[in-house]
file target_28.cif (mmCIF, N, CA and C atoms and all ligand atoms)
data_protein
loop_
_atom_site.label_atom_id
_atom_site.label_comp_id
_atom_site.auth_asym_id
_atom_site.auth_seq_id
_atom_site.Cartn_x
_atom_site.Cartn_y
_atom_site.Cartn_z
N MET K 3 34.36 -10.48 -31.47
CA MET K 3 33.45 -9.37 -31.21
C MET K 3 32.06 -9.88 -30.86
N PHE K 4 31.60 -10.81 -31.68
CA PHE K 4 30.27 -11.34 -31.43
C PHE K 4 30.21 -12.08 -30.08
N VAL K 5 31.28 -12.83 -29.81
CA VAL K 5 31.32 -13.60 -28.56
C VAL K 5 31.27 -12.67 -27.35
N ILE K 6 32.06 -11.61 -27.40
CA ILE K 6 32.08 -10.67 -26.28
C ILE K 6 30.69 -10.06 -26.05
N ARG K 7 30.07 -9.63 -27.12
CA ARG K 7 28.75 -9.02 -26.97
C ARG K 7 27.74 -10.03 -26.44
N HIS K 8 27.91 -11.26 -26.90
CA HIS K 8 26.99 -12.30 -26.44
C HIS K 8 27.12 -12.51 -24.92
N VAL K 9 28.35 -12.55 -24.45
CA VAL K 9 28.59 -12.75 -23.02
C VAL K 9 28.02 -11.59 -22.20
N ILE K 10 28.26 -10.38 -22.69
CA ILE K 10 27.73 -9.21 -21.99
C ILE K 10 26.20 -9.26 -21.96
N GLY K 11 25.63 -9.66 -23.11
CA GLY K 11 24.17 -9.76 -23.18
C GLY K 11 23.63 -10.77 -22.17
N ALA K 12 24.30 -11.90 -22.06
CA ALA K 12 23.84 -12.92 -21.12
C ALA K 12 23.95 -12.42 -19.68
N ALA K 13 25.04 -11.70 -19.39
CA ALA K 13 25.22 -11.17 -18.04
C ALA K 13 24.12 -10.16 -17.72
N ALA K 14 23.82 -9.31 -18.70
CA ALA K 14 22.77 -8.31 -18.48
C ALA K 14 21.42 -8.98 -18.28
N ALA K 15 21.16 -10.03 -19.06
CA ALA K 15 19.89 -10.74 -18.91
C ALA K 15 19.80 -11.38 -17.53
N GLY K 16 20.92 -11.91 -17.06
CA GLY K 16 20.93 -12.51 -15.74
C GLY K 16 20.65 -11.47 -14.66
N LEU K 17 21.27 -10.31 -14.81
CA LEU K 17 21.04 -9.23 -13.84
C LEU K 17 19.57 -8.82 -13.86
N LEU K 18 19.00 -8.69 -15.08
CA LEU K 18 17.62 -8.28 -15.20
C LEU K 18 16.70 -9.30 -14.53
N ALA K 19 16.97 -10.59 -14.79
CA ALA K 19 16.14 -11.63 -14.18
C ALA K 19 16.24 -11.56 -12.66
N ALA K 20 17.45 -11.31 -12.15
CA ALA K 20 17.64 -11.24 -10.71
C ALA K 20 16.86 -10.06 -10.12
N SER K 21 16.91 -8.91 -10.82
CA SER K 21 16.21 -7.75 -10.24
C SER K 21 14.70 -7.91 -10.37
N VAL K 22 14.23 -8.54 -11.45
CA VAL K 22 12.78 -8.77 -11.56
C VAL K 22 12.33 -9.72 -10.45
N ALA K 23 13.13 -10.76 -10.21
CA ALA K 23 12.78 -11.69 -9.13
C ALA K 23 12.76 -10.97 -7.79
N GLY K 24 13.72 -10.07 -7.60
CA GLY K 24 13.77 -9.30 -6.36
C GLY K 24 12.55 -8.42 -6.20
N LEU K 25 12.15 -7.80 -7.29
CA LEU K 25 10.96 -6.94 -7.24
C LEU K 25 9.72 -7.76 -6.92
N LEU K 26 9.62 -8.92 -7.57
CA LEU K 26 8.43 -9.76 -7.32
C LEU K 26 8.40 -10.22 -5.87
N ALA K 27 9.55 -10.57 -5.35
CA ALA K 27 9.60 -11.03 -3.96
C ALA K 27 9.20 -9.89 -3.03
N ALA K 28 9.71 -8.68 -3.30
CA ALA K 28 9.36 -7.53 -2.46
C ALA K 28 7.86 -7.25 -2.57
N ASP K 29 7.34 -7.38 -3.79
CA ASP K 29 5.92 -7.14 -4.01
C ASP K 29 5.08 -8.11 -3.19
N ASP K 30 5.44 -9.37 -3.22
CA ASP K 30 4.67 -10.37 -2.47
C ASP K 30 4.73 -10.07 -0.97
N GLY K 31 5.87 -9.58 -0.51
CA GLY K 31 6.01 -9.34 0.91
C GLY K 31 5.25 -8.11 1.38
N ALA K 32 5.05 -7.15 0.49
CA ALA K 32 4.49 -5.87 0.90
C ALA K 32 2.98 -5.82 0.76
N ARG K 33 2.43 -6.75 0.03
CA ARG K 33 1.00 -6.64 -0.25
C ARG K 33 0.28 -7.91 0.13
N LEU K 34 -0.98 -7.75 0.42
CA LEU K 34 -1.81 -8.89 0.75
C LEU K 34 -2.89 -9.03 -0.32
N ASP K 35 -3.11 -10.23 -0.75
CA ASP K 35 -4.25 -10.51 -1.61
C ASP K 35 -5.26 -11.25 -0.76
N ARG K 36 -6.41 -10.67 -0.61
CA ARG K 36 -7.39 -11.34 0.25
C ARG K 36 -8.78 -10.86 -0.13
N SER K 37 -9.74 -11.71 0.06
CA SER K 37 -11.12 -11.31 -0.14
C SER K 37 -11.71 -11.01 1.23
N GLY K 38 -12.81 -10.29 1.25
CA GLY K 38 -13.43 -9.94 2.52
C GLY K 38 -12.73 -8.78 3.16
N PRO K 39 -13.04 -8.50 4.42
CA PRO K 39 -12.49 -7.33 5.10
C PRO K 39 -10.97 -7.40 5.20
N ALA K 40 -10.36 -6.24 5.26
CA ALA K 40 -8.92 -6.16 5.42
C ALA K 40 -8.61 -5.17 6.54
N ASP K 41 -7.52 -5.41 7.23
CA ASP K 41 -7.19 -4.60 8.38
C ASP K 41 -5.82 -3.96 8.24
N VAL K 42 -5.74 -2.71 8.65
CA VAL K 42 -4.46 -2.02 8.74
C VAL K 42 -4.32 -1.54 10.18
N ILE K 43 -3.18 -1.85 10.77
CA ILE K 43 -2.89 -1.37 12.12
C ILE K 43 -2.04 -0.11 12.02
N VAL K 44 -2.45 0.92 12.75
CA VAL K 44 -1.66 2.15 12.80
C VAL K 44 -0.92 2.15 14.13
N ALA K 45 0.40 2.01 14.04
CA ALA K 45 1.22 1.93 15.25
C ALA K 45 2.63 2.42 14.93
N GLY K 46 3.27 3.04 15.90
CA GLY K 46 4.62 3.52 15.70
C GLY K 46 4.71 4.56 14.59
N PHE K 47 3.65 5.34 14.43
CA PHE K 47 3.60 6.37 13.39
C PHE K 47 3.80 5.76 12.00
N ALA K 48 3.14 4.61 11.78
CA ALA K 48 3.21 3.96 10.47
C ALA K 48 1.95 3.12 10.26
N TYR K 49 1.60 2.92 9.00
CA TYR K 49 0.50 2.03 8.65
C TYR K 49 1.07 0.64 8.39
N GLY K 50 0.43 -0.37 8.95
CA GLY K 50 0.92 -1.73 8.73
C GLY K 50 -0.20 -2.67 8.30
N PRO K 51 -0.15 -3.22 7.09
CA PRO K 51 0.88 -2.95 6.09
C PRO K 51 0.65 -1.60 5.41
N ALA K 52 1.72 -0.98 4.94
CA ALA K 52 1.59 0.31 4.26
C ALA K 52 1.02 0.12 2.86
N SER K 53 1.20 -1.07 2.32
CA SER K 53 0.73 -1.35 0.96
C SER K 53 -0.19 -2.55 1.01
N LEU K 54 -1.38 -2.38 0.47
CA LEU K 54 -2.39 -3.43 0.57
C LEU K 54 -3.06 -3.57 -0.78
N ARG K 55 -3.31 -4.79 -1.23
CA ARG K 55 -4.02 -4.99 -2.49
C ARG K 55 -5.27 -5.82 -2.19
N VAL K 56 -6.42 -5.29 -2.58
CA VAL K 56 -7.69 -5.94 -2.25
C VAL K 56 -8.62 -5.88 -3.46
N PRO K 57 -9.57 -6.79 -3.53
CA PRO K 57 -10.56 -6.71 -4.60
C PRO K 57 -11.58 -5.60 -4.33
N ALA K 58 -12.16 -5.05 -5.41
CA ALA K 58 -13.18 -4.01 -5.26
C ALA K 58 -14.31 -4.50 -4.37
N GLY K 59 -14.84 -3.61 -3.57
CA GLY K 59 -15.90 -3.97 -2.63
C GLY K 59 -15.40 -4.29 -1.24
N THR K 60 -14.07 -4.31 -1.08
CA THR K 60 -13.49 -4.63 0.23
C THR K 60 -13.58 -3.43 1.17
N ALA K 61 -13.99 -3.69 2.39
CA ALA K 61 -13.97 -2.67 3.44
C ALA K 61 -12.67 -2.82 4.22
N VAL K 62 -11.88 -1.76 4.20
CA VAL K 62 -10.60 -1.77 4.94
C VAL K 62 -10.80 -1.00 6.24
N THR K 63 -10.34 -1.59 7.33
CA THR K 63 -10.43 -0.95 8.64
C THR K 63 -9.04 -0.58 9.14
N TRP K 64 -8.86 0.67 9.47
CA TRP K 64 -7.62 1.15 10.09
C TRP K 64 -7.87 1.27 11.59
N THR K 65 -7.08 0.61 12.38
CA THR K 65 -7.21 0.69 13.83
C THR K 65 -5.99 1.41 14.40
N ASN K 66 -6.25 2.47 15.14
CA ASN K 66 -5.16 3.27 15.68
C ASN K 66 -4.71 2.73 17.03
N GLU K 67 -3.57 2.09 17.04
CA GLU K 67 -3.02 1.54 18.29
C GLU K 67 -1.92 2.44 18.85
N ASP K 68 -1.77 3.63 18.26
CA ASP K 68 -0.79 4.59 18.77
C ASP K 68 -1.41 5.44 19.87
N GLY K 69 -0.56 6.10 20.64
CA GLY K 69 -1.04 7.05 21.63
C GLY K 69 -1.54 8.33 20.98
N ALA K 70 -1.00 8.66 19.81
CA ALA K 70 -1.36 9.88 19.09
C ALA K 70 -2.51 9.62 18.14
N ALA K 71 -3.24 10.69 17.81
CA ALA K 71 -4.28 10.59 16.81
C ALA K 71 -3.66 10.60 15.41
N HIS K 72 -4.31 9.95 14.47
CA HIS K 72 -3.86 9.91 13.08
C HIS K 72 -5.07 10.07 12.16
N THR K 73 -4.78 10.23 10.86
CA THR K 73 -5.86 10.25 9.87
C THR K 73 -5.49 9.33 8.72
N VAL K 74 -6.49 9.04 7.90
CA VAL K 74 -6.30 8.32 6.64
C VAL K 74 -6.92 9.20 5.57
N ASP K 75 -6.09 9.92 4.85
CA ASP K 75 -6.58 10.88 3.88
C ASP K 75 -6.03 10.62 2.50
N ALA K 76 -6.90 10.40 1.56
CA ALA K 76 -6.50 10.24 0.16
C ALA K 76 -6.84 11.53 -0.58
N PRO K 77 -5.90 12.06 -1.34
CA PRO K 77 -6.18 13.30 -2.08
C PRO K 77 -7.32 13.14 -3.07
N ALA K 78 -7.44 11.95 -3.67
CA ALA K 78 -8.48 11.73 -4.66
C ALA K 78 -9.86 11.79 -4.01
N GLY K 79 -10.82 12.37 -4.69
CA GLY K 79 -12.14 12.56 -4.13
C GLY K 79 -12.85 11.29 -3.74
N SER K 80 -12.52 10.17 -4.40
CA SER K 80 -13.24 8.93 -4.13
C SER K 80 -12.58 8.09 -3.05
N GLY K 81 -11.48 8.57 -2.48
CA GLY K 81 -10.75 7.79 -1.50
C GLY K 81 -11.18 8.10 -0.08
N PRO K 82 -10.52 7.44 0.88
CA PRO K 82 -10.88 7.65 2.29
C PRO K 82 -10.52 9.05 2.79
N ARG K 83 -11.35 9.55 3.68
CA ARG K 83 -11.09 10.83 4.36
C ARG K 83 -11.60 10.67 5.78
N SER K 84 -10.74 10.21 6.65
CA SER K 84 -11.20 9.76 7.96
C SER K 84 -11.48 10.89 8.93
N GLY K 85 -10.80 12.02 8.78
CA GLY K 85 -10.77 12.94 9.91
C GLY K 85 -9.91 12.33 10.99
N SER K 86 -9.86 12.96 12.16
CA SER K 86 -8.99 12.49 13.22
C SER K 86 -9.46 11.15 13.78
N ILE K 87 -8.56 10.19 13.83
CA ILE K 87 -8.85 8.89 14.45
C ILE K 87 -8.09 8.88 15.78
N ALA K 88 -8.82 8.96 16.87
CA ALA K 88 -8.18 9.03 18.19
C ALA K 88 -7.53 7.70 18.54
N SER K 89 -6.63 7.75 19.51
CA SER K 89 -6.01 6.53 20.01
C SER K 89 -7.07 5.52 20.41
N GLY K 90 -6.94 4.29 19.93
CA GLY K 90 -7.88 3.23 20.28
C GLY K 90 -9.11 3.19 19.40
N GLU K 91 -9.27 4.15 18.51
CA GLU K 91 -10.43 4.15 17.62
C GLU K 91 -10.07 3.55 16.27
N ALA K 92 -11.11 3.29 15.47
CA ALA K 92 -10.90 2.70 14.16
C ALA K 92 -11.72 3.45 13.12
N TYR K 93 -11.33 3.31 11.89
CA TYR K 93 -12.02 3.94 10.77
C TYR K 93 -12.13 2.91 9.66
N ARG K 94 -13.31 2.85 9.05
CA ARG K 94 -13.51 1.87 7.98
C ARG K 94 -13.93 2.58 6.70
N PHE K 95 -13.40 2.11 5.58
CA PHE K 95 -13.76 2.67 4.28
C PHE K 95 -13.90 1.53 3.29
N GLU K 96 -15.02 1.54 2.54
CA GLU K 96 -15.22 0.51 1.53
C GLU K 96 -14.76 1.02 0.16
N PHE K 97 -13.86 0.27 -0.45
CA PHE K 97 -13.35 0.63 -1.77
C PHE K 97 -14.22 -0.02 -2.84
N ALA K 98 -15.14 0.77 -3.41
CA ALA K 98 -16.08 0.22 -4.38
C ALA K 98 -15.47 0.14 -5.77
N GLU K 99 -14.59 1.11 -6.09
CA GLU K 99 -14.06 1.21 -7.45
C GLU K 99 -12.60 0.79 -7.51
N PRO K 100 -12.22 0.04 -8.57
CA PRO K 100 -10.81 -0.31 -8.74
C PRO K 100 -9.95 0.94 -8.92
N GLY K 101 -8.72 0.85 -8.50
CA GLY K 101 -7.80 1.97 -8.66
C GLY K 101 -6.70 1.89 -7.63
N SER K 102 -5.80 2.86 -7.70
CA SER K 102 -4.70 2.95 -6.75
C SER K 102 -4.96 4.15 -5.85
N TYR K 103 -5.15 3.88 -4.57
CA TYR K 103 -5.50 4.93 -3.62
C TYR K 103 -4.33 5.18 -2.67
N GLU K 104 -3.58 6.22 -2.96
CA GLU K 104 -2.51 6.60 -2.04
C GLU K 104 -3.12 7.45 -0.94
N TYR K 105 -2.63 7.27 0.27
CA TYR K 105 -3.15 8.07 1.38
C TYR K 105 -2.02 8.44 2.33
N PHE K 106 -2.32 9.36 3.22
CA PHE K 106 -1.31 9.84 4.16
C PHE K 106 -2.03 10.27 5.44
N CYS K 107 -1.22 10.61 6.44
CA CYS K 107 -1.77 11.14 7.68
C CYS K 107 -1.65 12.66 7.65
N ALA K 108 -2.77 13.34 7.85
CA ALA K 108 -2.77 14.80 7.78
C ALA K 108 -1.94 15.41 8.91
N PHE K 109 -1.79 14.69 10.01
CA PHE K 109 -1.02 15.21 11.14
C PHE K 109 0.47 14.93 10.99
N HIS K 110 0.81 13.82 10.33
CA HIS K 110 2.20 13.40 10.19
C HIS K 110 2.43 13.01 8.73
N PRO K 111 2.75 13.99 7.88
CA PRO K 111 2.82 13.73 6.43
C PRO K 111 3.84 12.67 6.02
N SER K 112 4.76 12.31 6.91
CA SER K 112 5.69 11.24 6.55
C SER K 112 4.99 9.87 6.57
N MET K 113 3.84 9.80 7.20
CA MET K 113 3.07 8.53 7.21
C MET K 113 2.31 8.41 5.90
N LYS K 114 2.65 7.35 5.14
CA LYS K 114 2.01 7.16 3.84
C LYS K 114 1.64 5.70 3.64
N GLY K 115 0.59 5.49 2.89
CA GLY K 115 0.18 4.14 2.54
C GLY K 115 -0.53 4.13 1.21
N VAL K 116 -0.79 2.94 0.70
CA VAL K 116 -1.52 2.83 -0.56
C VAL K 116 -2.40 1.58 -0.52
N VAL K 117 -3.58 1.71 -1.07
CA VAL K 117 -4.47 0.55 -1.25
C VAL K 117 -4.69 0.38 -2.75
N GLU K 118 -4.26 -0.76 -3.27
CA GLU K 118 -4.49 -1.08 -4.68
C GLU K 118 -5.77 -1.91 -4.74
N VAL K 119 -6.76 -1.39 -5.45
CA VAL K 119 -8.04 -2.07 -5.54
C VAL K 119 -8.18 -2.67 -6.93
N THR K 120 -8.30 -3.97 -6.98
CA THR K 120 -8.41 -4.68 -8.26
C THR K 120 -9.87 -4.88 -8.62
N GLY K 121 -10.12 -5.08 -9.92
CA GLY K 121 -11.50 -5.21 -10.40
C GLY K 121 -12.11 -6.55 -10.12
CU CU W 201 -0.41 10.42 12.04
#

call {"tool": "encode", "arguments": {"input": "target_28.cif", "output": "C-alpha cells"}}
result
Amino acid sequence: MFVIRHVIGAAAAGLLAASVAGLLAADDGARLDRSGPADVIVAGFAYGPASLRVPAGTAVTWTNEDGAAHTVDAPAGSGPRSGSIASGEAYRFEFAEPGSYEYFCAFHPSMKGVVEVTG
C-alpha cells in the first residue's frame, strides 16, 4: 500500500514539475524584461508582444502598423487611454506605478494585451 502511494506521489510530483517548467518557459517567451523604453507593434489586429513586463517609469510606445485604426484602452483609471490611433501613428504611455494593466482595443474587443509594471 505504501509503495503504491509512493509511486503515485512521485509520478504526480514529476507531472507538477513538468507543468511548472512549461509555465515558466511560456512566461519567458511571452514577456520581456527590459529597462528603458519598450515598444509594442500593432499589426494583424493584435498587439505584439501582447504581454510585456517592464519596470515602473517605463514609457511604452504602441505603433500601429495595421491599415485599420486601433486603440489602447485600460479600464483602470491610471492606465493608458489612447483614443483612436490611426494607421502609421503611435501612442506612448509612461507607467509610473507598479501594477498589472490589462488593455484592449475599443474598436476590436478581441484585441487584448497586458503590461505588468514591476516596482
Ligand atoms: Cu483594434

call {"tool": "atom_distance", "arguments": {"input": "target_28.cif", "atom1": "atom CA of K:Pro100", "atom2": "atom CA of K:His72"}}
result
25.1 Å

call {"tool": "atom_distance", "arguments": {"input": "target_28.cif", "atom1": "atom CA of K:Phe97", "atom2": "atom CA of K:Phe47"}}
result
23.5 Å

call {"tool": "closest_atom_pairs", "arguments": {"input": "target_28.cif", "of": "chain K", "to": "ligand CU 201 (chain W)", "cutoff": "6 Å", "atoms": "all atoms listed in the file", "output": "Markdown table"}}
result
| residue | atom | partner | partner_atom | distance |
| --- | --- | --- | --- | --- |
| K:Phe47 | CA | W:CU201 | CU | 5.9 |
| K:Ala71 | C | W:CU201 | CU | 4.7 |
| K:His72 | CA | W:CU201 | CU | 3.6 |
| K:Thr73 | N | W:CU201 | CU | 4.5 |
| K:Cys107 | CA | W:CU201 | CU | 4.6 |
| K:Ala108 | N | W:CU201 | CU | 5.6 |
| K:Phe109 | C | W:CU201 | CU | 4.7 |
| K:His110 | N | W:CU201 | CU | 4.0 |

call {"tool": "write_last_selection", "arguments": {"input": "target_28.cif", "atoms": "N, CA and C atoms", "output": "CSV table (one decimal), in the coordinates of the input"}}
result
chain,number,residue,atom,x,y,z
K,47,PHE,N,3.6,5.3,14.4
K,47,PHE,CA,3.6,6.4,13.4
K,47,PHE,C,3.8,5.8,12.0
K,71,ALA,N,-3.2,10.7,17.8
K,71,ALA,CA,-4.3,10.6,16.8
K,71,ALA,C,-3.7,10.6,15.4
K,72,HIS,N,-4.3,10.0,14.5
K,72,HIS,CA,-3.9,9.9,13.1
K,72,HIS,C,-5.1,10.1,12.2
K,73,THR,N,-4.8,10.2,10.9
K,73,THR,CA,-5.9,10.2,9.9
K,73,THR,C,-5.5,9.3,8.7
K,107,CYS,N,-1.2,10.6,6.4
K,107,CYS,CA,-1.8,11.1,7.7
K,107,CYS,C,-1.6,12.7,7.6
K,108,ALA,N,-2.8,13.3,7.8
K,108,ALA,CA,-2.8,14.8,7.8
K,108,ALA,C,-1.9,15.4,8.9
K,109,PHE,N,-1.8,14.7,10.0
K,109,PHE,CA,-1.0,15.2,11.1
K,109,PHE,C,0.5,14.9,11.0
K,110,HIS,N,0.8,13.8,10.3
K,110,HIS,CA,2.2,13.4,10.2
K,110,HIS,C,2.4,13.0,8.7

call {"tool": "residues_around", "arguments": {"input": "target_28.cif", "residues": "K:Thr120", "least_positions_apart": "5", "cutoff": "5 Å", "atoms": "all atoms listed in the file", "output": "list of chain:residue names"}}
result
K:Val56, K:Pro57, K:Ala58, K:Pro100

call {"tool": "residues_around", "arguments": {"input": "target_28.cif", "residues": "K:Glu67", "least_positions_apart": "5", "cutoff": "10 Å", "atoms": "only C-alpha atoms", "output": "ChimeraX atom specification"}}
result
/K:43-47,72,88-92

call {"tool": "atom_distance", "arguments": {"input": "target_28.cif", "atom1": "atom N of K:Tyr105", "atom2": "atom C of K:Ser53"}}
result
10.1 Å

call {"tool": "residues_around", "arguments": {"input": "target_28.cif", "residues": "K:Gly85", "least_positions_apart": "2", "cutoff": "8 Å", "atoms": "only C-alpha atoms", "output": "NGL selection string"}}
result
:K and (73-75 or 83 or 87)
